[in-house]
Structure formats: C-alpha cells, structure tokens
>>> print(open('final.pdb').read())   # PDB, C-alpha atoms
ATOM      1  CA  MET A   1      71.649 -22.619  47.671
ATOM      2  CA  THR A   2      69.327 -25.535  48.425
ATOM      3  CA  ILE A   3      65.909 -25.916  46.796
ATOM      4  CA  SER A   4      63.776 -28.864  47.841
ATOM      5  CA  GLY A   5      60.147 -29.914  47.596
ATOM      6  CA  SER A   6      59.027 -27.509  44.866
ATOM      7  CA  TRP A   7      56.159 -28.523  42.589
ATOM      8  CA  GLY A   8      57.873 -26.941  39.563
ATOM      9  CA  ASP A   9      61.510 -26.382  38.592
ATOM     10  CA  CYS A  10      64.397 -25.468  40.860
ATOM     11  CA  LEU A  11      65.367 -22.719  38.410
ATOM     12  CA  TYR A  12      63.307 -21.342  35.496
ATOM     13  CA  VAL A  13      65.190 -19.041  33.100
ATOM     14  CA  ASP A  14      62.898 -16.886  30.932
ATOM     15  CA  GLU A  15      62.700 -13.482  29.249
ATOM     16  CA  THR A  16      61.706 -10.281  30.998
ATOM     17  CA  ALA A  17      58.028  -9.308  30.941
ATOM     18  CA  ALA A  18      58.695  -6.072  29.063
ATOM     19  CA  GLY A  19      60.524  -6.076  25.758
ATOM     20  CA  HIS A  20      61.139  -9.800  25.366
ATOM     21  CA  VAL A  21      64.751  -9.531  26.560
ATOM     22  CA  TRP A  22      66.364 -12.888  27.320
ATOM     23  CA  SER A  23      67.866 -13.498  30.745
ATOM     24  CA  GLY A  24      71.632 -13.638  30.521
ATOM     25  CA  SER A  25      74.932 -14.136  32.320
ATOM     26  CA  ILE A  26      73.496 -16.638  34.792
ATOM     27  CA  TRP A  27      75.798 -18.808  36.911
ATOM     28  CA  VAL A  28      74.260 -21.579  39.016
ATOM     29  CA  HIS A  29      76.914 -23.351  41.085
ATOM     30  CA  ASP A  30      77.497 -25.466  44.184
ATOM     31  CA  SER A  31      73.754 -25.858  44.793
ATOM     32  CA  PHE A  32      71.391 -28.686  45.740
ATOM     33  CA  CYS A  33      68.138 -29.314  43.879
ATOM     34  CA  THR A  34      66.011 -32.158  45.233
ATOM     35  CA  ARG A  35      62.440 -33.469  45.170
ATOM     36  CA  THR A  36      61.029 -31.245  42.411
ATOM     37  CA  GLY A  37      57.788 -31.923  40.582
ATOM     38  CA  ARG A  38      59.325 -31.040  37.235
ATOM     39  CA  SER A  39      62.897 -30.180  36.198
ATOM     40  CA  GLY A  40      66.098 -29.127  37.874
ATOM     41  CA  ILE A  41      66.862 -26.288  35.442
ATOM     42  CA  SER A  42      64.496 -25.081  32.682
ATOM     43  CA  ILE A  43      65.728 -22.589  30.105
ATOM     44  CA  VAL A  44      62.992 -20.953  28.019
ATOM     45  CA  SER A  45      64.836 -17.788  26.921
ATOM     46  CA  GLY A  46      68.393 -17.590  28.220
ATOM     47  CA  SER A  47      71.892 -16.821  27.050
ATOM     48  CA  HIS A  48      75.271 -17.418  28.673
ATOM     49  CA  VAL A  49      73.917 -19.788  31.320
ATOM     50  CA  THR A  50      76.463 -21.860  33.247
ATOM     51  CA  ILE A  51      75.372 -24.709  35.522
ATOM     52  CA  GLU A  52      78.275 -26.341  37.349
ATOM     53  CA  ARG A  53      79.111 -28.345  40.457
ATOM     54  CA  ASP A  54      75.433 -28.740  41.351
ATOM     55  CA  HIS A  55      73.715 -31.824  42.759
ATOM     56  CA  PHE A  56      70.323 -32.972  41.423
ATOM     57  CA  ASP A  57      68.343 -35.748  43.090
ATOM     58  CA  LYS A  58      64.777 -37.142  43.056
ATOM     59  CA  LEU A  59      63.550 -34.985  40.178
ATOM     60  CA  GLY A  60      60.091 -35.412  38.700
ATOM     61  CA  MET A  61      61.333 -35.023  35.134
ATOM     62  CA  HIS A  62      64.521 -33.654  33.581
ATOM     63  CA  VAL A  63      67.798 -32.466  34.990
ATOM     64  CA  LEU A  64      68.200 -29.822  32.253
ATOM     65  CA  ASP A  65      65.314 -28.761  30.027
ATOM     66  CA  ILE A  66      65.881 -26.280  27.174
ATOM     67  CA  GLU A  67      62.336 -25.598  26.095
ATOM     68  CA  PRO A  68      61.552 -22.426  24.124
ATOM     69  CA  ASP A  69      57.902 -21.369  24.420
ATOM     70  CA  THR A  70      57.991 -19.602  21.036
ATOM     71  CA  SER A  71      60.333 -19.290  18.059
ATOM     72  CA  ALA A  72      61.789 -16.199  19.776
ATOM     73  CA  GLY A  73      62.943 -18.268  22.759
ATOM     74  CA  GLY A  74      65.764 -20.740  23.208
ATOM     75  CA  GLY A  75      69.080 -21.298  24.891
ATOM     76  CA  THR A  76      72.426 -19.981  23.676
ATOM     77  CA  TYR A  77      75.855 -20.522  25.198
ATOM     78  CA  VAL A  78      74.552 -22.977  27.798
ATOM     79  CA  THR A  79      77.220 -24.890  29.715
ATOM     80  CA  PHE A  80      76.359 -27.859  31.949
ATOM     81  CA  ARG A  81      79.461 -29.345  33.587
ATOM     82  CA  ASN A  82      80.728 -31.214  36.629
ATOM     83  CA  ASN A  83      77.256 -31.830  38.070
ATOM     84  CA  THR A  84      75.992 -34.928  39.849
ATOM     85  CA  VAL A  85      72.631 -36.568  39.316
ATOM     86  CA  GLY A  86      71.130 -38.976  41.843
ATOM     87  CA  SER A  87      67.936 -40.960  41.421
ATOM     88  CA  TYR A  88      64.968 -40.187  39.178
ATOM     89  CA  GLY A  89      65.344 -37.566  36.503
ATOM     90  CA  LEU A  90      64.962 -38.347  32.816
ATOM     91  CA  GLY A  91      68.172 -36.598  31.744
ATOM     92  CA  LEU A  92      68.367 -33.751  29.228
ATOM     93  CA  ASP A  93      65.337 -32.505  27.324
ATOM     94  CA  LEU A  94      65.970 -30.348  24.268
ATOM     95  CA  HIS A  95      62.784 -29.182  22.566
ATOM     96  CA  GLY A  96      63.084 -27.856  19.038
ATOM     97  CA  LEU A  97      66.555 -29.209  18.339
ATOM     98  CA  LEU A  98      65.743 -31.052  15.168
ATOM     99  CA  LEU A  99      62.900 -29.931  12.933
ATOM    100  CA  ARG A 100      62.666 -31.536   9.487
ATOM    101  CA  GLY A 101      66.401 -32.103   9.249
ATOM    102  CA  ARG A 102      67.290 -28.587  10.394
ATOM    103  CA  TRP A 103      68.341 -27.352  13.798
ATOM    104  CA  GLY A 104      65.421 -25.594  15.456
ATOM    105  CA  PRO A 105      64.908 -22.108  16.896
ATOM    106  CA  ARG A 106      67.993 -20.518  18.363
ATOM    107  CA  LEU A 107      69.763 -23.813  18.944
ATOM    108  CA  LYS A 108      72.843 -25.149  17.229
ATOM    109  CA  ARG A 109      74.452 -28.587  17.309
ATOM    110  CA  PRO A 110      75.259 -29.569  20.896
ATOM    111  CA  ARG A 111      78.861 -30.385  21.730
ATOM    112  CA  CYS A 112      79.100 -33.174  24.250
ATOM    113  CA  ASP A 113      81.851 -34.554  26.478
ATOM    114  CA  ASP A 114      79.801 -37.373  27.991
ATOM    115  CA  HIS A 115      81.992 -38.328  30.934
ATOM    116  CA  ARG A 116      81.851 -34.777  32.303
ATOM    117  CA  GLN A 117      78.174 -34.136  31.480
ATOM    118  CA  HIS A 118      79.218 -31.002  29.596
ATOM    119  CA  ARG A 119      76.868 -29.516  27.019
ATOM    120  CA  ASP A 120      77.191 -26.349  24.932
ATOM    121  CA  TRP A 121      74.480 -24.833  22.752
ATOM    122  CA  GLN A 122      75.275 -21.821  20.630
ATOM    123  CA  SER A 123      73.137 -19.587  18.489
ATOM    124  CA  PRO A 124      73.305 -20.079  14.717
TER     125      PRO A 124
END
>>> encode(input="final.pdb", output="structure tokens")
Amino acid sequence: MTISGSWGDCLYVDETAAGHVWSGSIWVHDSFCTRTGRSGISIVSGSHVTIERDHFDKLGMHVLDIEPDTSAGGGTYVTFRNNTVGSYGLGLDLHGLLLRGRWGPRLKRPRCDDHRQHRDWQSP
C-alpha cells in the first residue's frame, strides 16, 4: 500500500462509532507513507496493532502517535519494528504516558530496543 500527499495521517486507528469498541488486530506492513500533513500512524483507541517493514518519509509531524482522545482511549499491545524513516518526522509521540508520576490512561511502560525501532505498550 502506498499513501502519499494526504493532509492528515496515513493511518488513523480509532474506536467504532457505536459502542466505543477499540479497533484491534491491525497489521500494517510493507507499505509506503510519504508527504503527510500530520503523522504516519495515529492510534487513538487500538489494541494489538503491529506496524512493521514500512517506510515513512517527509512527514509533517510524527512517525507514530499514540494519542488517546479521552481516558477511555489508548494503545495496547502496539509493536513498531523494522521500519525505516526518511526525512522530516519528529519521531514518536506518546500522549498521556506520564501523569504526575503515574503511567497515564491505558498505557504501560514502553519497552524499547532502540536499534530496531521496536516499541511495545501494554495495558496495565
């Protein structure tokens, strides 16, 4: 899949309109995301999301943005591995991770293997 020239995100993971059910079991792989106005991948309410072997280039903001809209949102079991990032892009953006010395809504300590750009977030 190739997404290029969007004003927003290449992929936006959110809950369903009815019932506030998180999106789940999402696998984004071997894709190209270029020239976005915002982020490569934004996760607002998603579980078991795997992003691997993708190429991100010329992003307006972040490569991966986990940004719950409410305390009911978040990202659990998110894996980001073996991806490449070209120019632009601010990196990873994790809203709500640390709030007054406690880990924020639906996010637990990230595990990081920096050379492989691998990140895992698990629910408390």
>>> axis_aligned_box(input="final.pdb", around="range 19-30 of chain A", padding_each_side="5 Å", output="lines of an AutoDock Vina configuration file")
center_x = 69.0
center_y = -15.8
center_z = 34.8
size_x = 27.0
size_y = 29.4
size_z = 28.8
>>> atom_distance(input="final.pdb", atom1="CA of Ser6 in chain A", atom2="CA of Thr36 in chain A")
4.9 Å
>>> residues_around(input="final.pdb", residues="His55 in chain A", least_positions_apart="2", cutoff="10 Å", atoms="all atoms listed in the file", output="PyMOL selection string")
chain A and resi 2+29-34+40+52-53+57+63+82-86
>>> closest_residue(input="final.pdb", among="A:Gly60, A:Gly46, A:Gly8, A:Gly37", to="Val78 in chain A", atoms="all atoms listed in the file")
A:Gly46
>>> atom_distance(input="final.pdb", atom1="CA of Arg35 in chain A", atom2="CA of Thr79 in chain A")
23.0 Å
>>> atom_distance(input="final.pdb", atom1="CA of Val49 in chain A", atom2="CA of Gly5 in chain A")
23.6 Å
>>> closest_residue(input="final.pdb", among="A:Gly73, A:Lys58, A:Ala17, A:Trp27", to="Val44 in chain A", atoms="only C-alpha atoms")
A:Gly73
>>> residues_around(input="final.pdb", residues="Val13 in chain A", least_positions_apart="2", cutoff="9 Å", atoms="all atoms listed in the file", output="PDB file with C-alpha atoms, in the coordinates of the input")
ATOM      1  CA  LEU A  11      65.367 -22.719  38.410  1.00  0.00           C
ATOM      2  CA  GLU A  15      62.700 -13.482  29.249  1.00  0.00           C
ATOM      3  CA  TRP A  22      66.364 -12.888  27.320  1.00  0.00           C
ATOM      4  CA  SER A  23      67.866 -13.498  30.745  1.00  0.00           C
ATOM      5  CA  GLY A  24      71.632 -13.638  30.521  1.00  0.00           C
ATOM      6  CA  ILE A  26      73.496 -16.638  34.792  1.00  0.00           C
ATOM      7  CA  ILE A  41      66.862 -26.288  35.442  1.00  0.00           C
ATOM      8  CA  SER A  42      64.496 -25.081  32.682  1.00  0.00           C
ATOM      9  CA  ILE A  43      65.728 -22.589  30.105  1.00  0.00           C
ATOM     10  CA  VAL A  44      62.992 -20.953  28.019  1.00  0.00           C
ATOM     11  CA  SER A  45      64.836 -17.788  26.921  1.00  0.00           C
ATOM     12  CA  GLY A  46      68.393 -17.590  28.220  1.00  0.00           C
ATOM     13  CA  VAL A  49      73.917 -19.788  31.320  1.00  0.00           C
TER      14      VAL A  49
END
>>> resolve_selection(input="final.pdb", expression="the PyMOL selection byres ((chain A and resi 68) around 8)", output="ChimeraX atom specification")
/A:43-45,66-67,69-75,95-96,105
